[in-house]
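Engineer: Dropping in input-v1.cif, with mmCIF, C-alpha atoms.
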data_upload
#
loop_
_atom_site.label_atom_id
_atom_site.label_comp_id
_atom_site.auth_asym_id
_atom_site.auth_seq_id
_atom_site.Cartn_x
_atom_site.Cartn_y
_atom_site.Cartn_z
CA MET A 1 171.91 127.03 180.70
CA ALA A 2 169.27 129.36 179.28
CA VAL A 3 168.83 129.22 175.53
CA GLU A 4 168.59 132.71 174.09
CA HIS A 5 169.13 131.79 170.46
CA ILE A 6 168.79 128.61 168.40
CA ASP A 7 172.56 128.65 167.78
CA ASP A 8 173.07 128.15 171.54
CA LEU A 9 171.80 124.59 171.11
CA ASN A 10 174.86 123.58 169.05
CA LEU A 11 172.81 121.34 166.76
CA PRO A 12 174.39 119.64 163.75
CA THR A 13 173.66 121.03 160.30
CA VAL A 14 172.46 118.83 157.44
CA LYS A 15 172.22 119.85 153.79
CA PHE A 16 169.94 118.65 151.01
CA LYS A 17 170.07 119.19 147.24
CA SER A 18 167.15 120.13 145.02
CA GLY A 19 164.74 117.19 144.80
CA ASP A 20 165.98 115.47 147.96
CA VAL A 21 163.27 114.25 150.33
CA ILE A 22 163.82 115.54 153.86
CA LEU A 23 160.80 113.79 155.39
CA GLU A 24 158.73 111.09 153.74
CA GLU A 25 154.95 111.09 154.23
CA GLY A 26 153.49 108.27 156.34
CA ILE A 27 156.54 107.38 158.45
CA THR A 28 157.09 107.81 162.16
CA SER A 29 160.14 110.00 162.58
CA SER A 30 162.39 110.65 165.55
CA LYS A 31 163.93 113.71 163.89
CA ILE A 32 163.04 117.38 163.79
CA TYR A 33 164.46 119.66 161.10
CA ILE A 34 164.76 123.44 161.51
CA LEU A 35 165.16 125.27 158.21
CA GLN A 36 168.18 127.57 158.07
CA SER A 37 168.27 128.34 154.35
CA GLY A 38 166.64 127.25 151.12
CA ASN A 39 163.14 126.48 149.99
CA VAL A 40 161.08 123.32 150.59
CA ARG A 41 157.85 121.95 149.15
CA VAL A 42 155.28 120.32 151.44
CA VAL A 43 153.16 117.65 149.72
CA SER A 44 150.31 115.66 151.28
CA LYS A 45 148.53 112.84 149.46
CA GLY A 46 150.11 113.96 146.20
CA GLU A 47 148.89 117.57 146.53
CA GLU A 48 151.34 120.41 147.07
CA ILE A 49 150.24 122.22 150.21
CA CYS A 50 152.79 125.02 150.17
CA THR A 51 156.41 126.01 149.72
CA ILE A 52 158.35 127.38 152.66
CA ASP A 53 161.54 129.44 152.72
CA VAL A 54 161.28 130.95 156.21
CA LYS A 55 164.34 130.50 158.39
CA GLY A 56 163.32 128.74 161.59
CA ALA A 57 160.45 126.74 160.04
CA VAL A 58 160.14 123.41 161.85
CA PHE A 59 159.40 120.03 160.23
CA GLY A 60 158.76 116.63 161.82
CA GLU A 61 157.72 117.95 165.23
CA THR A 62 154.16 116.61 165.07
CA SER A 63 155.38 113.09 164.31
CA VAL A 64 157.81 113.28 167.23
CA LEU A 65 155.42 114.87 169.73
CA LEU A 66 152.51 112.54 168.93
CA ASN A 67 154.58 109.47 168.01
CA HIS A 68 152.51 109.45 164.84
CA GLU A 69 153.13 109.09 161.12
CA THR A 70 154.18 112.22 159.26
CA SER A 71 151.26 113.88 157.50
CA ALA A 72 153.23 115.21 154.53
CA LYS A 73 156.38 114.83 152.48
CA VAL A 74 158.94 117.64 152.74
CA GLU A 75 161.15 117.98 149.68
CA ALA A 76 163.98 120.39 148.87
CA VAL A 77 163.10 122.80 146.04
CA ASP A 78 166.67 124.07 145.95
CA GLU A 79 169.73 123.53 148.12
CA CYS A 80 168.64 123.61 151.76
CA SER A 81 170.34 123.67 155.12
CA PHE A 82 168.70 122.49 158.35
CA LEU A 83 169.57 122.16 161.99
CA LEU A 84 168.89 118.54 162.93
CA ILE A 85 167.50 117.30 166.22
CA ASP A 86 168.04 113.56 166.25
CA ASP A 87 166.23 111.51 168.92
CA ALA A 88 164.06 114.59 169.28
CA GLU A 89 161.66 113.15 171.86
CA ASN A 90 164.42 112.80 174.44
CA TYR A 91 166.21 115.97 173.38
CA LEU A 92 163.09 118.12 173.72
CA LYS A 93 162.60 116.96 177.31
CA THR A 94 165.79 118.83 178.16
CA GLN A 95 164.97 122.03 176.24
CA PRO A 96 161.90 123.85 177.62
CA GLU A 97 162.66 127.02 175.64
CA LEU A 98 162.68 125.05 172.39
CA ILE A 99 159.43 123.27 173.32
CA TYR A 100 157.87 126.66 174.09
CA ASN A 101 158.87 127.97 170.66
CA ILE A 102 157.53 124.86 168.93
CA ALA A 103 154.25 125.35 170.85
CA ILE A 104 154.08 128.92 169.50
CA ILE A 105 154.54 127.59 165.95
CA LEU A 106 151.82 124.97 166.45
CA ALA A 107 149.44 127.53 167.98
CA GLY A 108 150.04 129.78 164.96
CA ARG A 109 149.11 126.93 162.65
CA ILE A 110 145.84 126.43 164.55
CA VAL A 111 145.00 130.14 164.25
CA ASN A 112 145.69 130.02 160.51
CA MET A 113 143.59 126.86 160.09
CA ASN A 114 140.70 128.52 161.96
CA GLN A 115 140.91 131.54 159.67
CA LEU A 116 140.96 129.25 156.64
CA PHE A 117 137.90 127.42 157.96
CA VAL A 118 135.99 130.71 158.29
CA GLU A 119 137.01 131.71 154.76
CA MET A 120 135.88 128.32 153.43
CA ARG A 121 132.56 128.65 155.22
CA ASN A 122 132.02 132.09 153.69
CA GLU A 123 132.84 130.80 150.21
CA LEU A 124 130.83 127.57 150.37
CA GLY A 125 127.84 128.80 152.33
CA LYS A 126 125.98 126.81 154.95
CA LYS A 127 124.98 123.93 152.67
CA GLY A 128 128.49 123.16 151.47
CA MET A 129 129.88 123.32 154.98
CA SER A 130 127.72 120.51 156.38
CA LYS A 131 130.05 117.74 155.20
CA ILE A 132 133.15 119.65 156.29
CA LYS A 133 131.67 120.33 159.74
CA LYS A 134 130.98 116.61 160.21
CA LYS A 135 134.58 115.79 159.33
CA LEU A 136 135.93 118.50 161.64
CA TYR A 137 133.69 117.31 164.45
CA GLY A 138 135.00 113.76 163.94
CA LEU A 139 138.58 115.06 164.08
CA MET A 140 137.83 116.96 167.30
CA ILE A 141 136.36 113.82 168.90
CA MET A 142 139.37 111.79 167.76
CA THR A 143 141.72 114.46 169.15
CA ASN A 144 139.89 114.50 172.49
CA ASN A 145 140.03 110.69 172.67
CA PHE A 146 143.76 110.81 171.87
CA PHE A 147 144.32 113.46 174.54
CA ASP A 148 142.35 111.57 177.19
CA ARG A 149 143.92 108.21 176.36
CA ASP A 150 147.49 109.00 175.35
CA VAL A 151 148.30 112.35 176.95
CA MET A 152 146.38 112.39 180.22
CA HIS A 153 146.55 108.66 180.95
CA PRO A 154 150.18 108.74 182.17
CA PHE A 155 149.26 111.56 184.57
CA LYS A 156 146.12 109.78 185.77
CA ALA A 157 148.17 106.63 186.37
CA ALA A 158 150.77 108.60 188.30
CA ASP A 159 148.02 110.30 190.33
CA SER A 160 146.34 106.99 191.13
CA ASP A 161 149.71 105.46 192.08
CA ALA A 162 150.31 108.38 194.44
CA ASP A 163 146.79 107.99 195.85
CA SER A 164 147.40 104.27 196.42
CA ALA A 165 150.70 105.00 198.15
CA ASN A 166 149.01 107.60 200.38
CA GLU A 167 146.25 105.12 201.25
CA GLU A 168 148.88 102.50 202.18
CA GLU A 169 150.65 105.03 204.43
CA SER A 170 147.35 105.94 206.09
CA LYS A 171 146.62 102.26 206.86
CA LYS A 172 150.01 101.91 208.56
CA ASP A 173 149.33 104.87 210.83
#
Is it possible to express this structure as structure tokens?
Structural biologist:
Amino acid sequence: MAVEHIDDLNLPTVKFKSGDVILEEGITSSKIYILQSGNVRVVSKGEEICTIDVKGAVFGETSVLLNHETSAKVEAVDECSFLLIDDAENYLKTQPELIYNIAIILAGRIVNMNQLFVEMRNELGKKGMSKIKKKLYGLMIMTNNFFDRDVMHPFKAADSDADSANEEESKKD
């Protein structure tokens, strides 16, 4: 069945009151929340990053996709309603349209972060950016190592298994 609208997924709705924590920072979550109404605050390391009231905003996806701790706390500013994807890792494997839309959201975040980086560079000048560049470079290396080890490894293993099976077949012939 093709998914043309988020409502086609028939996901359960969960509600939170003002002050309720939707996602706690530093936990590994199996849930993804899709904002339907209300306003949330995103806080990382005690600093408010932003407030979000956009219907369709997604929370928890990075923790699910990377099997990693959440990077921020998400807290209801007022009464909020979310669509809930429980056991999201398995659910997403059956919903390519939803994965595609989450990829669009993540790509948009990268574009915004790049723009912010350029603005920061312009404000701080070359001298002030040296420390930030080193940190960003370290994050890029870490991301590449993660990708090579955790993302590509299962494919490399599958490829080498297939190669081994092909070699075995060739020996029989």
Engineer: Give as a list in words each residue that has an atom at most 10 Å from (166.1, 116.8, 165.5) in the file, counting only C-alpha atoms.
Structural biologist: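 The requested residues, written out, are Leu11, Pro12, Ser29, Ser30, Lys31, Ile32, Tyr33, Ile34, Val58, Phe59, Gly60, Glu61, Val64, Phe82, Leu83, Leu84, Ile85, Asp86, Asp87, Ala88, Glu89, Asn90, Tyr91 and Leu92 of chain A.
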Engineer: Please save C-alpha atoms of the selected residues as an mmCIF file, in the frame of the given file.
Structural biologist:
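Result written to result-v2.cif:
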data_model
loop_
_atom_site.group_PDB
_atom_site.id
_atom_site.type_symbol
_atom_site.label_atom_id
_atom_site.label_comp_id
_atom_site.auth_asym_id
_atom_site.auth_seq_id
_atom_site.Cartn_x
_atom_site.Cartn_y
_atom_site.Cartn_z
ATOM 1 C CA LEU A 11 172.810 121.340 166.760
ATOM 2 C CA PRO A 12 174.390 119.640 163.750
ATOM 3 C CA SER A 29 160.140 110.000 162.580
ATOM 4 C CA SER A 30 162.390 110.650 165.550
ATOM 5 C CA LYS A 31 163.930 113.710 163.890
ATOM 6 C CA ILE A 32 163.040 117.380 163.790
ATOM 7 C CA TYR A 33 164.460 119.660 161.100
ATOM 8 C CA ILE A 34 164.760 123.440 161.510
ATOM 9 C CA VAL A 58 160.140 123.410 161.850
ATOM 10 C CA PHE A 59 159.400 120.030 160.230
ATOM 11 C CA GLY A 60 158.760 116.630 161.820
ATOM 12 C CA GLU A 61 157.720 117.950 165.230
ATOM 13 C CA VAL A 64 157.810 113.280 167.230
ATOM 14 C CA PHE A 82 168.700 122.490 158.350
ATOM 15 C CA LEU A 83 169.570 122.160 161.990
ATOM 16 C CA LEU A 84 168.890 118.540 162.930
ATOM 17 C CA ILE A 85 167.500 117.300 166.220
ATOM 18 C CA ASP A 86 168.040 113.560 166.250
ATOM 19 C CA ASP A 87 166.230 111.510 168.920
ATOM 20 C CA ALA A 88 164.060 114.590 169.280
ATOM 21 C CA GLU A 89 161.660 113.150 171.860
ATOM 22 C CA ASN A 90 164.420 112.800 174.440
ATOM 23 C CA TYR A 91 166.210 115.970 173.380
ATOM 24 C CA LEU A 92 163.090 118.120 173.720
#
Engineer: I'd like the neighbourhood of Val40 in chain A as an MDAnalysis selection string, where a residue qualifies if any of its atoms comes within 7 Å (using only C-alpha atoms), though same-chain residues fewer than 3 positions away should be ignored.
Structural biologist: chainID A and resid 51:53 74:77
Engineer: Report as a PyMOL selection string the residues that result from applying the PyMOL selection byres ((chain A and resi 56) around 6) to the structure here.
Structural biologist: chain A and resi 34-35+55+57
Engineer: Would you please work out which residue, of A:Val43, A:Phe16, A:Ile49, A:Leu66, is nearest to Thr28 in chain A when using only C-alpha atoms?
Structural biologist: A:Leu66
Engineer: How far is it from CA of Leu9 in chain A to CA of Ile99 in chain A, in Å with one decimal?
Structural biologist: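 Going from CA of Leu9 in chain A over to CA of Ile99 in chain A, I get 12.6 Å.
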Engineer: What box, with edges along x, y and z, holds each listed atom of range 97-112 of chain A when 8 Å is added on every side, and can you state its centre and edge lengths in Å to one decimal, as AutoDock Vina command-line options?
Structural biologist:
--center_x 153.8 --center_y 126.7 --center_z 168.1 --size_x 33.7 --size_y 22.9 --size_z 31.1
Engineer: Report, in Å with one decimal, the straight-line distance from CA of Ser71 in chain A to CA of Glu25 in chain A.
Structural biologist: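 Separation between CA of Ser71 in chain A and CA of Glu25 in chain A: 5.7 Å.
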Engineer: What separation in Å, quoted to one decimal, exists between CA of Glu24 in chain A and CA of Val54 in chain A?
Structural biologist: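 Value for the CA of Glu24 in chain A-CA of Val54 in chain A distance: 20.2 Å.
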